[in-house]
>>> print(open('coords.cif').read())   # mmCIF, C-alpha atoms and all ligand atoms
data_my_file
#
loop_
_atom_site.label_atom_id
_atom_site.label_comp_id
_atom_site.auth_asym_id
_atom_site.auth_seq_id
_atom_site.Cartn_x
_atom_site.Cartn_y
_atom_site.Cartn_z
CA MET A 1448 -2.16 8.77 -32.95
CA SER A 1449 -1.82 10.90 -29.81
CA ASP A 1450 1.58 11.29 -28.25
CA PHE A 1451 2.16 10.82 -24.54
CA TYR A 1452 5.17 11.46 -22.38
CA ALA A 1453 4.45 8.24 -20.48
CA ALA A 1454 2.11 5.27 -20.63
CA VAL A 1455 1.66 3.75 -17.16
CA PHE A 1456 0.58 0.08 -17.05
CA GLY A 1457 -1.31 -0.42 -13.78
CA ALA A 1458 -3.64 1.99 -11.96
CA GLY A 1459 -3.13 0.66 -8.42
CA ILE A 1460 -1.22 2.28 -5.58
CA CYS A 1461 2.01 2.79 -7.60
CA GLY A 1462 0.46 3.57 -10.97
CA THR A 1463 -1.82 6.33 -9.67
CA ALA A 1464 1.05 7.88 -7.69
CA ILE A 1465 3.49 7.99 -10.62
CA ALA A 1466 0.79 9.18 -13.04
CA ASN A 1467 0.08 12.00 -10.59
CA GLY A 1468 3.78 12.80 -10.12
CA LEU A 1469 4.28 13.19 -13.87
CA MET A 1470 1.01 15.04 -14.39
CA LYS A 1471 2.09 17.60 -11.76
CA LYS A 1472 5.19 18.20 -13.87
CA GLY A 1473 3.00 19.05 -16.83
CA LYS A 1474 3.58 15.73 -18.61
CA LYS A 1475 0.90 14.05 -20.71
CA VAL A 1476 0.13 10.66 -19.20
CA LEU A 1477 -1.82 7.63 -20.39
CA LEU A 1478 -2.94 5.35 -17.52
CA ILE A 1479 -3.91 1.79 -18.49
CA ASP A 1480 -5.47 -0.96 -16.38
CA PRO A 1481 -7.75 -3.69 -17.69
CA PHE A 1482 -8.83 -4.95 -14.26
CA VAL A 1483 -10.14 -1.79 -12.55
CA SER A 1484 -12.41 1.19 -13.17
CA GLU A 1485 -13.45 4.27 -11.23
CA ASP A 1486 -15.97 2.18 -9.34
CA ALA A 1487 -14.05 -1.03 -8.82
CA PRO A 1488 -14.20 -3.33 -5.80
CA GLY A 1489 -10.87 -3.69 -4.04
CA PRO A 1490 -9.27 -4.14 -0.65
CA PRO A 1491 -11.58 -2.25 1.74
CA VAL A 1492 -8.93 -0.98 4.16
CA GLY A 1493 -5.19 -0.60 4.58
CA MET A 1494 -3.16 0.62 7.51
CA VAL A 1495 -0.60 3.41 7.59
CA ASN A 1496 1.69 2.62 10.49
CA PRO A 1497 5.28 3.83 10.31
CA ALA A 1498 6.35 1.75 13.38
CA THR A 1499 7.00 -1.54 11.65
CA GLY A 1500 7.46 -5.14 12.77
CA PRO A 1501 8.13 -6.64 16.18
CA ARG A 1502 10.77 -3.98 16.89
CA ALA A 1503 8.53 -1.05 15.95
CA LYS A 1504 11.24 0.21 13.65
CA LEU A 1505 10.64 3.60 12.07
CA CYS A 1506 10.01 2.83 8.41
CA TRP A 1507 12.53 3.91 5.73
CA ARG A 1508 12.39 7.73 5.41
CA GLY A 1509 9.28 7.56 7.57
CA LYS A 1510 8.56 11.28 7.84
CA GLU A 1511 9.15 12.01 4.17
CA CYS A 1512 6.96 9.08 3.09
CA TYR A 1513 4.23 10.01 5.54
CA ASP A 1514 4.19 13.70 4.60
CA ALA A 1515 4.07 12.95 0.87
CA LEU A 1516 1.12 10.58 1.32
CA ARG A 1517 -0.76 12.99 3.59
CA ALA A 1518 -0.26 15.86 1.13
CA GLN A 1519 -1.85 13.86 -1.69
CA LEU A 1520 -4.65 12.61 0.59
CA ASN A 1521 -5.42 16.22 1.48
CA THR A 1522 -5.66 17.07 -2.21
CA LEU A 1523 -7.95 14.11 -2.88
CA MET A 1524 -10.13 14.81 0.15
CA ALA A 1525 -10.56 18.43 -0.92
CA TYR A 1526 -11.46 17.14 -4.39
CA VAL A 1527 -14.19 14.74 -3.16
CA GLY A 1528 -15.62 17.02 -0.50
CA GLY A 1529 -17.49 15.00 2.11
CA GLU A 1530 -16.57 11.45 1.12
CA GLU A 1531 -14.31 9.77 3.64
CA LEU A 1532 -11.13 8.29 2.25
CA ILE A 1533 -9.35 7.73 5.55
CA SER A 1534 -10.02 7.38 9.25
CA ASP A 1535 -7.59 9.26 11.49
CA CYS A 1536 -8.06 6.62 14.16
CA GLY A 1537 -4.52 6.05 15.45
CA VAL A 1538 -2.86 2.65 15.88
CA ILE A 1539 -2.29 0.86 19.17
CA ARG A 1540 0.50 -1.71 19.36
CA PRO A 1541 -0.14 -3.62 22.59
CA ALA A 1542 2.93 -5.43 23.94
CA ILE A 1543 1.31 -8.80 24.49
CA THR A 1544 4.63 -10.39 25.47
CA GLU A 1545 7.44 -9.14 27.68
CA LYS A 1546 9.80 -9.26 24.73
CA LEU A 1547 7.56 -7.01 22.63
CA ALA A 1548 7.40 -4.54 25.54
CA LYS A 1549 11.19 -4.45 25.68
CA ASN A 1550 11.49 -3.95 21.93
CA PHE A 1551 8.79 -1.31 21.81
CA LYS A 1552 10.29 0.70 24.69
CA ARG A 1553 13.69 0.52 23.04
CA ALA A 1554 12.19 1.79 19.76
CA LEU A 1555 11.04 5.00 21.45
CA ASP A 1556 14.67 6.09 21.97
CA LYS A 1557 16.29 4.29 19.11
CA TYR A 1558 14.56 6.13 16.27
CA ASP A 1559 14.14 9.79 15.58
CA TRP A 1560 10.35 9.98 15.82
CA PRO A 1561 8.73 13.22 14.71
CA GLU A 1562 7.08 15.16 17.52
CA GLY A 1563 3.64 13.85 18.44
CA TRP A 1564 3.83 10.61 16.45
CA ILE A 1565 4.30 7.97 19.14
CA ARG A 1566 4.01 7.47 22.91
CA TRP A 1567 4.16 4.73 25.52
CA MET A 1568 0.97 3.62 27.29
CA SER A 1569 0.93 1.73 30.58
CA LYS A 1570 -1.24 -1.39 30.76
CA GLU A 1571 -3.79 0.62 32.75
CA GLU A 1572 -3.93 3.21 29.99
CA VAL A 1573 -4.32 0.48 27.37
CA ALA A 1574 -7.20 -1.04 29.38
CA GLU A 1575 -8.87 2.34 29.67
CA LEU A 1576 -8.54 2.96 25.95
CA ASN A 1577 -9.82 -0.47 24.99
CA PRO A 1578 -10.78 -3.02 27.66
CA GLU A 1579 -11.05 -5.73 25.00
CA ILE A 1580 -7.32 -5.79 24.30
CA ALA A 1581 -5.50 -8.91 25.51
CA PRO A 1582 -3.48 -8.87 28.77
CA ASN A 1583 -0.36 -6.85 28.03
CA TYR A 1584 2.73 -5.13 29.37
CA GLY A 1585 1.65 -1.73 28.10
CA GLY A 1586 2.05 -0.68 24.50
CA LEU A 1587 2.83 1.93 21.90
CA TYR A 1588 0.24 4.34 20.63
CA LEU A 1589 0.79 5.93 17.23
CA ASP A 1590 -1.25 9.09 17.03
CA CYS A 1591 0.00 9.47 13.46
CA GLY A 1592 -1.33 6.07 12.35
CA PHE A 1593 -4.46 5.91 10.25
CA THR A 1594 -6.62 3.71 8.07
CA VAL A 1595 -7.19 4.23 4.36
CA TYR A 1596 -10.38 3.01 2.69
CA VAL A 1597 -8.33 1.65 -0.17
CA ASP A 1598 -11.03 0.90 -2.73
CA ARG A 1599 -12.61 4.35 -2.27
CA TYR A 1600 -9.19 5.99 -2.33
CA LEU A 1601 -8.12 4.34 -5.59
CA ASN A 1602 -11.45 4.88 -7.36
CA THR A 1603 -11.38 8.53 -6.34
CA TYR A 1604 -7.75 8.85 -7.38
CA ARG A 1605 -8.43 7.50 -10.89
CA ARG A 1606 -11.40 9.83 -11.33
CA TYR A 1607 -9.31 12.76 -10.08
CA LEU A 1608 -6.47 11.96 -12.49
CA ARG A 1609 -8.87 11.70 -15.43
CA GLU A 1610 -10.48 15.02 -14.58
CA LYS A 1611 -7.03 16.60 -14.30
CA GLY A 1612 -6.17 15.49 -17.83
CA VAL A 1613 -4.62 12.03 -17.48
CA VAL A 1614 -6.10 9.79 -20.17
CA CYS A 1615 -7.40 6.68 -18.38
CA LYS A 1616 -8.11 3.49 -20.32
CA TYR A 1617 -9.58 0.55 -18.46
CA GLU A 1618 -8.83 -2.08 -21.08
CA GLU A 1619 -5.98 -4.33 -22.14
CA ALA A 1620 -3.06 -2.88 -24.03
CA ASP A 1621 0.31 -3.88 -25.44
CA TYR A 1622 3.41 -1.84 -26.05
CA SER A 1623 6.23 -2.30 -28.55
CA ARG A 1624 9.32 -0.34 -29.56
CA MET A 1625 8.67 1.78 -32.67
CA GLU A 1626 11.09 1.05 -35.52
CA GLY A 1627 13.82 3.67 -35.75
CA GLU A 1628 12.32 5.86 -33.02
CA ASN A 1629 12.98 6.24 -29.34
CA ARG A 1630 9.27 5.72 -28.57
CA PHE A 1631 6.75 3.00 -27.88
CA GLY A 1632 3.60 2.23 -29.80
CA ILE A 1633 0.68 1.45 -27.48
CA ASP A 1634 -2.18 -0.62 -28.90
CA LEU A 1635 -5.40 -0.88 -26.93
CA GLU A 1636 -7.86 -3.75 -27.05
CA GLU A 1637 -10.71 -1.56 -28.30
CA GLY A 1638 -8.71 -0.31 -31.26
CA ASP A 1639 -7.07 2.95 -30.15
CA SER A 1640 -3.36 3.39 -30.82
CA PHE A 1641 -1.06 5.87 -29.14
CA SER A 1642 2.62 6.51 -28.86
CA ALA A 1643 4.57 7.26 -25.70
CA GLU A 1644 8.13 8.30 -24.96
CA HIS A 1645 8.22 6.18 -21.79
CA VAL A 1646 6.45 3.04 -20.62
CA ILE A 1647 6.21 2.55 -16.86
CA VAL A 1648 5.19 -0.90 -15.65
CA ALA A 1649 3.41 -0.62 -12.29
CA ALA A 1650 1.36 -3.79 -12.45
CA GLY A 1651 1.82 -5.05 -8.87
CA SER A 1652 2.23 -8.82 -8.68
CA ARG A 1653 1.79 -9.06 -12.45
CA THR A 1654 4.86 -6.90 -13.10
CA ALA A 1655 7.06 -10.00 -13.08
CA GLY A 1656 4.97 -11.32 -16.00
CA PHE A 1657 6.26 -8.51 -18.26
CA GLU A 1658 9.13 -10.29 -20.00
CA GLU A 1659 11.62 -7.42 -19.70
CA TRP A 1660 11.26 -7.56 -15.91
CA GLU A 1661 11.05 -11.28 -15.33
CA HIS A 1662 14.74 -11.47 -14.31
CA LEU A 1663 14.21 -9.35 -11.19
CA PRO A 1664 14.39 -11.04 -7.76
CA LEU A 1665 10.81 -10.08 -6.85
CA GLU A 1666 8.94 -12.45 -4.57
CA GLY A 1667 5.17 -12.66 -4.37
CA VAL A 1668 3.87 -13.23 -0.85
CA LYS A 1669 0.20 -14.09 -0.67
CA GLY A 1670 -1.83 -12.45 2.08
CA GLN A 1671 -5.34 -13.27 3.23
CA VAL A 1672 -7.59 -11.23 5.49
CA ASN A 1673 -10.91 -11.92 7.23
CA TRP A 1674 -13.69 -9.36 7.07
CA TYR A 1675 -16.13 -9.49 9.98
CA GLY A 1676 -19.39 -7.89 11.01
CA ALA A 1677 -20.38 -7.37 14.68
CA ASP A 1678 -23.90 -7.63 16.15
CA GLU A 1679 -23.50 -4.32 17.97
CA ASP A 1680 -21.45 -1.17 17.49
CA LEU A 1681 -17.83 -1.60 18.53
CA ASP A 1682 -17.01 1.30 20.78
CA TRP A 1683 -13.40 1.94 19.73
CA GLU A 1684 -12.03 3.09 16.42
CA HIS A 1685 -8.26 2.68 16.51
CA ALA A 1686 -6.39 0.05 14.57
CA VAL A 1687 -4.71 -2.67 16.62
CA SER A 1688 -1.37 -4.11 15.52
CA ALA A 1689 0.38 -6.86 17.45
CA LYS A 1690 0.96 -10.33 15.96
CA GLY A 1691 -1.54 -9.38 13.27
CA TYR A 1692 -3.74 -6.34 12.79
CA SER A 1693 -7.34 -5.34 13.07
CA LEU A 1694 -8.74 -2.35 11.18
CA ARG A 1695 -12.14 -0.83 11.79
CA LEU A 1696 -14.52 -0.22 8.93
CA GLY A 1697 -17.58 1.72 10.07
CA LYS A 1698 -19.15 1.08 13.47
CA LYS A 1699 -19.84 -2.62 13.09
CA GLU A 1700 -17.14 -4.04 10.84
CA LEU A 1701 -13.50 -4.90 10.99
CA VAL A 1702 -10.85 -6.43 8.76
CA VAL A 1703 -8.26 -8.66 10.38
CA GLY A 1704 -5.03 -9.84 8.82
CA ALA A 1705 -2.94 -11.15 7.53
CA THR A 1706 -1.21 -14.30 6.40
CA TYR A 1707 2.26 -14.33 4.82
CA GLU A 1708 2.30 -17.25 2.38
CA HIS A 1709 5.57 -17.66 0.53
CA HIS A 1710 4.42 -20.75 -1.40
CA PHE A 1711 1.01 -20.67 -2.99
CA ASP A 1712 -0.80 -21.93 -6.08
CA GLY A 1713 -3.47 -19.31 -6.62
CA LEU A 1714 -5.51 -16.59 -5.04
CA ASP A 1715 -8.26 -18.76 -3.56
CA THR A 1716 -9.02 -18.14 0.09
CA THR A 1717 -8.58 -21.10 2.42
CA GLN A 1718 -10.12 -22.36 5.64
CA GLU A 1719 -6.66 -22.85 7.09
CA ALA A 1720 -5.83 -19.17 6.57
CA HIS A 1721 -9.19 -18.17 8.04
CA GLU A 1722 -8.37 -20.08 11.21
CA ARG A 1723 -4.86 -18.67 11.41
CA ILE A 1724 -6.18 -15.13 11.13
CA GLU A 1725 -8.84 -15.84 13.74
CA GLY A 1726 -5.99 -17.05 15.98
CA LYS A 1727 -4.23 -13.69 15.48
CA LEU A 1728 -7.43 -11.85 16.38
CA LYS A 1729 -7.78 -13.91 19.57
CA LEU A 1730 -4.22 -13.01 20.55
CA MET A 1731 -5.03 -9.29 20.23
CA LEU A 1732 -8.71 -9.12 21.24
CA PRO A 1733 -9.52 -12.50 22.88
CA GLU A 1734 -13.27 -12.16 23.44
CA LEU A 1735 -14.10 -10.41 20.22
CA PRO A 1736 -14.43 -13.41 17.85
CA ASN A 1737 -17.48 -14.60 19.84
CA ARG A 1738 -19.35 -11.46 18.82
CA LEU A 1739 -18.36 -11.45 15.16
CA THR A 1740 -19.67 -13.08 12.02
CA LYS A 1741 -17.44 -13.57 9.02
CA LYS A 1742 -18.63 -11.50 6.05
CA ALA A 1743 -15.88 -12.29 3.58
CA GLN A 1744 -12.32 -13.44 3.17
CA LEU A 1745 -9.97 -11.79 0.68
CA ALA A 1746 -6.59 -12.65 -0.79
CA GLY A 1747 -3.92 -10.60 -2.53
CA VAL A 1748 -0.20 -10.72 -3.26
CA ARG A 1749 2.50 -8.39 -1.93
CA VAL A 1750 5.57 -7.90 -4.10
CA THR A 1751 8.63 -8.13 -1.88
CA THR A 1752 12.29 -7.37 -2.57
CA PRO A 1753 15.52 -8.52 -0.89
CA ASN A 1754 16.06 -5.17 0.89
CA ARG A 1755 12.30 -4.70 1.52
CA LEU A 1756 12.32 -1.43 -0.42
CA PRO A 1757 10.48 -0.48 -3.62
CA VAL A 1758 11.96 -0.79 -7.09
CA ILE A 1759 12.02 2.14 -9.50
CA GLY A 1760 14.09 3.09 -12.50
CA ARG A 1761 14.98 2.32 -16.06
CA HIS A 1762 15.58 -0.94 -17.85
CA ALA A 1763 19.32 -1.44 -18.43
CA GLU A 1764 18.93 -2.13 -22.17
CA THR A 1765 15.79 -0.12 -22.94
CA PRO A 1766 16.18 3.02 -20.84
CA ASN A 1767 12.76 4.46 -21.65
CA LEU A 1768 11.11 1.36 -20.21
CA CYS A 1769 10.65 1.93 -16.48
CA ILE A 1770 9.32 0.12 -13.46
CA TYR A 1771 7.60 0.95 -10.19
CA THR A 1772 6.88 -2.01 -7.88
CA GLY A 1773 8.18 -3.93 -4.83
CA MET A 1774 6.08 -2.15 -2.23
CA ASN A 1775 6.13 -5.01 0.26
CA SER A 1776 3.52 -4.36 2.99
CA LYS A 1777 4.00 -0.60 2.94
CA GLY A 1778 2.48 0.39 -0.39
CA LEU A 1779 0.53 3.31 0.97
CA LEU A 1780 3.39 4.84 2.94
CA PHE A 1781 5.96 4.52 0.16
CA SER A 1782 3.68 5.41 -2.74
CA HIS A 1783 4.12 9.17 -3.23
CA TYR A 1784 7.57 9.85 -1.84
CA VAL A 1785 9.03 7.11 -4.04
CA ALA A 1786 6.94 8.09 -7.09
CA ASP A 1787 8.41 11.58 -6.87
CA PHE A 1788 11.95 10.18 -7.23
CA LEU A 1789 10.96 8.45 -10.45
CA ALA A 1790 9.03 11.45 -11.77
CA ASN A 1791 11.97 13.79 -11.00
CA HIS A 1792 14.43 11.39 -12.53
CA LEU A 1793 12.47 11.15 -15.77
CA ALA A 1794 11.70 14.85 -16.01
CA THR A 1795 15.02 16.34 -14.88
CA GLY A 1796 17.57 13.51 -14.75
CA ALA A 1797 17.78 13.75 -10.93
CA PRO A 1798 19.45 10.61 -9.54
CA ILE A 1799 17.46 7.72 -8.08
CA PRO A 1800 18.63 6.63 -4.59
CA GLU A 1801 20.76 3.50 -4.92
CA ASP A 1802 18.64 1.45 -2.53
CA LEU A 1803 15.55 2.00 -4.72
CA ASP A 1804 17.14 1.75 -8.15
CA VAL A 1805 16.12 -1.28 -10.21
CA ASN A 1806 19.74 -1.58 -11.27
CA ARG A 1807 20.76 -2.46 -7.69
CA PHE A 1808 20.04 -6.10 -8.49
C1 LIG B 1901 -3.35 -9.02 2.51
C2 LIG B 1901 -2.62 -7.75 2.25
C3 LIG B 1901 -2.71 -6.71 3.15
C4 LIG B 1901 -2.03 -5.52 2.92
N1 LIG B 1901 -2.15 -4.51 3.82
C5 LIG B 1901 -1.55 -3.34 3.58
C6 LIG B 1901 -1.69 -2.25 4.48
O1 LIG B 1901 -2.38 -2.37 5.50
N2 LIG B 1901 -1.05 -1.09 4.21
C7 LIG B 1901 -0.27 -0.95 3.09
O2 LIG B 1901 0.30 0.14 2.88
N3 LIG B 1901 -0.11 -1.95 2.22
C8 LIG B 1901 -0.71 -3.14 2.45
N4 LIG B 1901 -0.56 -4.17 1.57
C9 LIG B 1901 0.37 -4.00 0.46
C10 LIG B 1901 -0.24 -3.21 -0.67
O3 LIG B 1901 -1.44 -3.76 -1.03
C11 LIG B 1901 0.72 -3.22 -1.83
O4 LIG B 1901 1.96 -2.74 -1.40
C12 LIG B 1901 0.22 -2.34 -2.97
O5 LIG B 1901 -1.04 -2.76 -3.42
C13 LIG B 1901 1.22 -2.36 -4.10
O6 LIG B 1901 0.82 -1.43 -5.07
P1 LIG B 1901 1.02 -1.72 -6.61
O7 LIG B 1901 0.53 -0.56 -7.35
O8 LIG B 1901 2.40 -2.20 -6.83
O9 LIG B 1901 0.11 -2.99 -6.90
P2 LIG B 1901 -1.47 -3.02 -6.97
O10 LIG B 1901 -2.06 -2.10 -5.98
O11 LIG B 1901 -1.80 -4.46 -6.95
O12 LIG B 1901 -1.78 -2.43 -8.42
C14 LIG B 1901 -1.36 -3.05 -9.59
C15 LIG B 1901 -2.36 -2.70 -10.67
O13 LIG B 1901 -1.86 -3.18 -11.93
C16 LIG B 1901 -2.93 -3.68 -12.68
N5 LIG B 1901 -2.42 -4.57 -13.72
C17 LIG B 1901 -2.04 -5.86 -13.61
N6 LIG B 1901 -1.63 -6.32 -14.80
C18 LIG B 1901 -1.74 -5.30 -15.69
C19 LIG B 1901 -1.46 -5.16 -17.08
N7 LIG B 1901 -1.01 -6.17 -17.82
N8 LIG B 1901 -1.68 -3.96 -17.66
C20 LIG B 1901 -2.12 -2.92 -16.94
N9 LIG B 1901 -2.42 -2.99 -15.60
C21 LIG B 1901 -2.23 -4.16 -15.00
C22 LIG B 1901 -3.81 -4.35 -11.64
O14 LIG B 1901 -5.15 -4.46 -12.11
C23 LIG B 1901 -3.71 -3.38 -10.47
O15 LIG B 1901 -4.73 -2.42 -10.48
C24 LIG B 1901 -1.24 -5.38 1.76
C25 LIG B 1901 -1.16 -6.41 0.84
C26 LIG B 1901 -1.84 -7.60 1.07
C27 LIG B 1901 -1.76 -8.70 0.06
#
>>> encode(input="coords.cif", output="structure tokens")
Amino acid sequence: MSDFYAAVFGAGICGTAIANGLMKKGKKVLLIDPFVSEDAPGPPVGMVNPATGPRAKLCWRGKECYDALRAQLNTLMAYVGGEELISDCGVIRPAITEKLAKNFKRALDKYDWPEGWIRWMSKEEVAELNPEIAPNYGGLYLDCGFTVYVDRYLNTYRRYLREKGVVCKYEEADYSRMEGENRFGIDLEEGDSFSAEHVIVAAGSRTAGFEEWEHLPLEGVKGQVNWYGADEDLDWEHAVSAKGYSLRLGKKELVVGATYEHHFDGLDTTQEAHERIEGKLKLMLPELPNRLTKKAQLAGVRVTTPNRLPVIGRHAETPNLCIYTGMNSKGLLFSHYVADFLANHLATGAPIPEDLDVNRF
């Protein structure tokens, strides 16, 4: 039986980040996920846009989150060489109503934006950048915004972690407290058994299904996106974010989202959601739907929390059982900065910020 410092359940956005954070501290990590591999399909694209919502509010610890994510992306991009994991395409936030224009202009002064991140564009400048954008009152342009090819990113990340010494097991596993010891026994479906000092549950929307965490006030919000192909190359690359978002994927494809469904039965995609998303696309880029063909429609679940911030920390009664979830719609931005708090806490006892701590509930 091999001994690990931590067994991480879930190799998605949180699980890879915390496995990496602990590995960098020299800790031996076991990463477990029965639903993925190093070549798994997944969401094709995700947006990194620190100017959030209709008020373009700078996201919580925006610069720290952004820098931590970029640092790890640089490491991964150096590791894979030529393969593209992101597109540094920028994000335009057209003010398609007068109210949005007012909010967006206010946001420029209200928040302490890092130099070079954000600027105002007049409607003429918006039209020059992208004549397909809906009539507007000008808009914000985020030079810092970018798109992540999420499936490629996560597959690369898992391979990277394995090559760096994290033991990755893509199969089901259970954990249980070991009698008389402050450790967990980890039993894998294919027969291996390990022990670990800590268990970290980072299982996304399935985290609430782990009985020790079912009391948490986590809400699942289903989101659907449409994936389109165009007949001809689309001659702009930036992401567009207004009442929805559109993310480019290669020269001829784009992903448009998303719905926010607070009540849902399952993860099937629906015609109603398809039409709602198409409505969002028409609001942003009115003529575009005529030139697009739907390729696919995808659904997933965001884990949201009352203060819209992630959840990390130790279980109140079983302190070596930990959690990392609650990423809302900002999983990519939060991932590494927040993981480092948990990794530091476990390795050195450094405190966890109150607004992230699982014991805030
Ligand atoms: C439609 C939609 C659009 C989104 N767009 C964006 C975006 O543009 N930008 C952005 O930053 N975020 C976006 N998000 C949010 C983002 O996807 C989440 O914040 C992020 O995936 C959360 O990371 P996670 O690791 O908690 O969960 P996940 O990424 O879901 O990973 C959880 C992992 O746990 C595994 N798992 C489940 N059960 C078990 C188990 N029993 N044992 C072991 N492993 C298990 C799963 O297989 C999975 O790999 C979007 C979400 C949705 C639904």
>>> closest_residue(input="coords.cif", among="A:Ala1677, A:Leu1523, A:Leu1663, A:Ile1460", to="ligand LIG 1901 (chain B)", atoms="all atoms listed in the file")
A:Ile1460
>>> residues_around(input="coords.cif", residues="A:Tyr1622", least_positions_apart="2", cutoff="7 Å", atoms="all atoms listed in the file", output="PyMOL selection string")
chain A and resi 1620+1631-1634
>>> closest_atom_pairs(input="coords.cif", of="chain A", to="ligand LIG 1901 (chain B)", cutoff="8 Å", atoms="all atoms listed in the file", output="tab-separated table")
residue	atom	partner	partner_atom	distance
A:Val1455	CA	B:LIG1901	C20	7.7
A:Phe1456	CA	B:LIG1901	C20	4.0
A:Gly1457	CA	B:LIG1901	N9	3.3
A:Ala1458	CA	B:LIG1901	O15	4.8
A:Gly1459	CA	B:LIG1901	O12	3.4
A:Ile1460	CA	B:LIG1901	O7	3.8
A:Cys1461	CA	B:LIG1901	O7	3.7
A:Gly1462	CA	B:LIG1901	O7	5.5
A:Thr1463	CA	B:LIG1901	O7	7.6
A:Ile1479	CA	B:LIG1901	C20	5.3
A:Asp1480	CA	B:LIG1901	N9	3.7
A:Pro1481	CA	B:LIG1901	C20	5.7
A:Phe1482	CA	B:LIG1901	O14	4.3
A:Val1483	CA	B:LIG1901	O14	5.7
A:Pro1490	CA	B:LIG1901	O3	7.8
A:Val1492	CA	B:LIG1901	O1	6.8
A:Gly1493	CA	B:LIG1901	O1	3.4
A:Met1494	CA	B:LIG1901	O1	3.7
A:Val1495	CA	B:LIG1901	N2	5.6
A:Asn1496	CA	B:LIG1901	N2	7.8
A:Thr1594	CA	B:LIG1901	O1	7.8
A:Glu1618	CA	B:LIG1901	C20	7.9
A:Glu1619	CA	B:LIG1901	N8	6.2
A:Ala1620	CA	B:LIG1901	N8	6.6
A:Val1648	CA	B:LIG1901	C20	7.7
A:Ala1649	CA	B:LIG1901	O7	5.7
A:Ala1650	CA	B:LIG1901	O13	3.3
A:Gly1651	CA	B:LIG1901	O9	3.3
A:Ser1652	CA	B:LIG1901	O11	6.2
A:Arg1653	CA	B:LIG1901	N6	5.0
A:Thr1654	CA	B:LIG1901	N6	6.7
A:Phe1657	CA	B:LIG1901	N7	7.6
A:Val1668	CA	B:LIG1901	C27	7.3
A:Lys1669	CA	B:LIG1901	C27	5.8
A:Gly1670	CA	B:LIG1901	C1	3.8
A:Gln1671	CA	B:LIG1901	C1	4.7
A:Val1672	CA	B:LIG1901	C1	5.6
A:Gly1704	CA	B:LIG1901	C1	6.6
A:Ala1705	CA	B:LIG1901	C1	5.5
A:Thr1706	CA	B:LIG1901	C1	6.9
A:Leu1745	CA	B:LIG1901	C1	7.4
A:Ala1746	CA	B:LIG1901	C1	5.9
A:Gly1747	CA	B:LIG1901	C27	3.9
A:Val1748	CA	B:LIG1901	C27	4.2
A:Arg1749	CA	B:LIG1901	C27	4.7
A:Val1750	CA	B:LIG1901	O4	6.9
A:Tyr1771	CA	B:LIG1901	O8	6.9
A:Thr1772	CA	B:LIG1901	O8	4.6
A:Gly1773	CA	B:LIG1901	O8	6.4
A:Met1774	CA	B:LIG1901	O4	4.2
A:Asn1775	CA	B:LIG1901	O4	5.0
A:Ser1776	CA	B:LIG1901	C9	4.1
A:Lys1777	CA	B:LIG1901	O2	3.8
A:Gly1778	CA	B:LIG1901	O4	3.3
A:Leu1779	CA	B:LIG1901	O2	3.7
A:Leu1780	CA	B:LIG1901	O2	5.6
A:Phe1781	CA	B:LIG1901	O2	7.7
A:Ser1782	CA	B:LIG1901	O6	7.8
>>> atom_distance(input="coords.cif", atom1="atom CA of A:Ser1688", atom2="atom CA of A:Gly1500")
9.3 Å
>>> residues_around(input="coords.cif", residues="A:Leu1547", least_positions_apart="2", cutoff="10 Å", atoms="all atoms listed in the file", output="VMD selection string")
chain A and resid 1501 to 1503 1540 to 1545 1549 to 1553 1583 to 1586 1689 to 1690
>>> atom_distance(input="coords.cif", atom1="atom CA of A:Gly1713", atom2="atom CA of A:Cys1769")
27.3 Å
>>> residues_around(input="coords.cif", residues="stretch 1613-1615 of chain A", least_positions_apart="3", cutoff="10 Å", atoms="only C-alpha atoms", output="VMD selection string")
chain A and resid 1451 1454 to 1455 1458 1466 to 1467 1469 to 1470 1474 to 1480 1484 to 1485 1605 to 1610 1618
>>> residues_around(input="coords.cif", residues="A:Asp1486", least_positions_apart="6", cutoff="12 Å", atoms="only C-alpha atoms", output="ChimeraX atom specification")
/A:1597-1606,1617
>>> atom_distance(input="coords.cif", atom1="atom CA of A:Glu1579", atom2="atom CA of A:Glu1708")
28.7 Å
>>> closest_residue(input="coords.cif", among="A:Lys1471, A:Thr1765, A:Ile1580, A:Glu1572", to="A:Asn1629", atoms="only C-alpha atoms")
A:Thr1765
>>> residues_around(input="coords.cif", residues="A:Ile1770", least_positions_apart="6", cutoff="7 Å", atoms="only C-alpha atoms", output="JSON, numbers by chain")
{"A": [1647, 1648, 1649, 1758, 1759, 1760, 1761]}
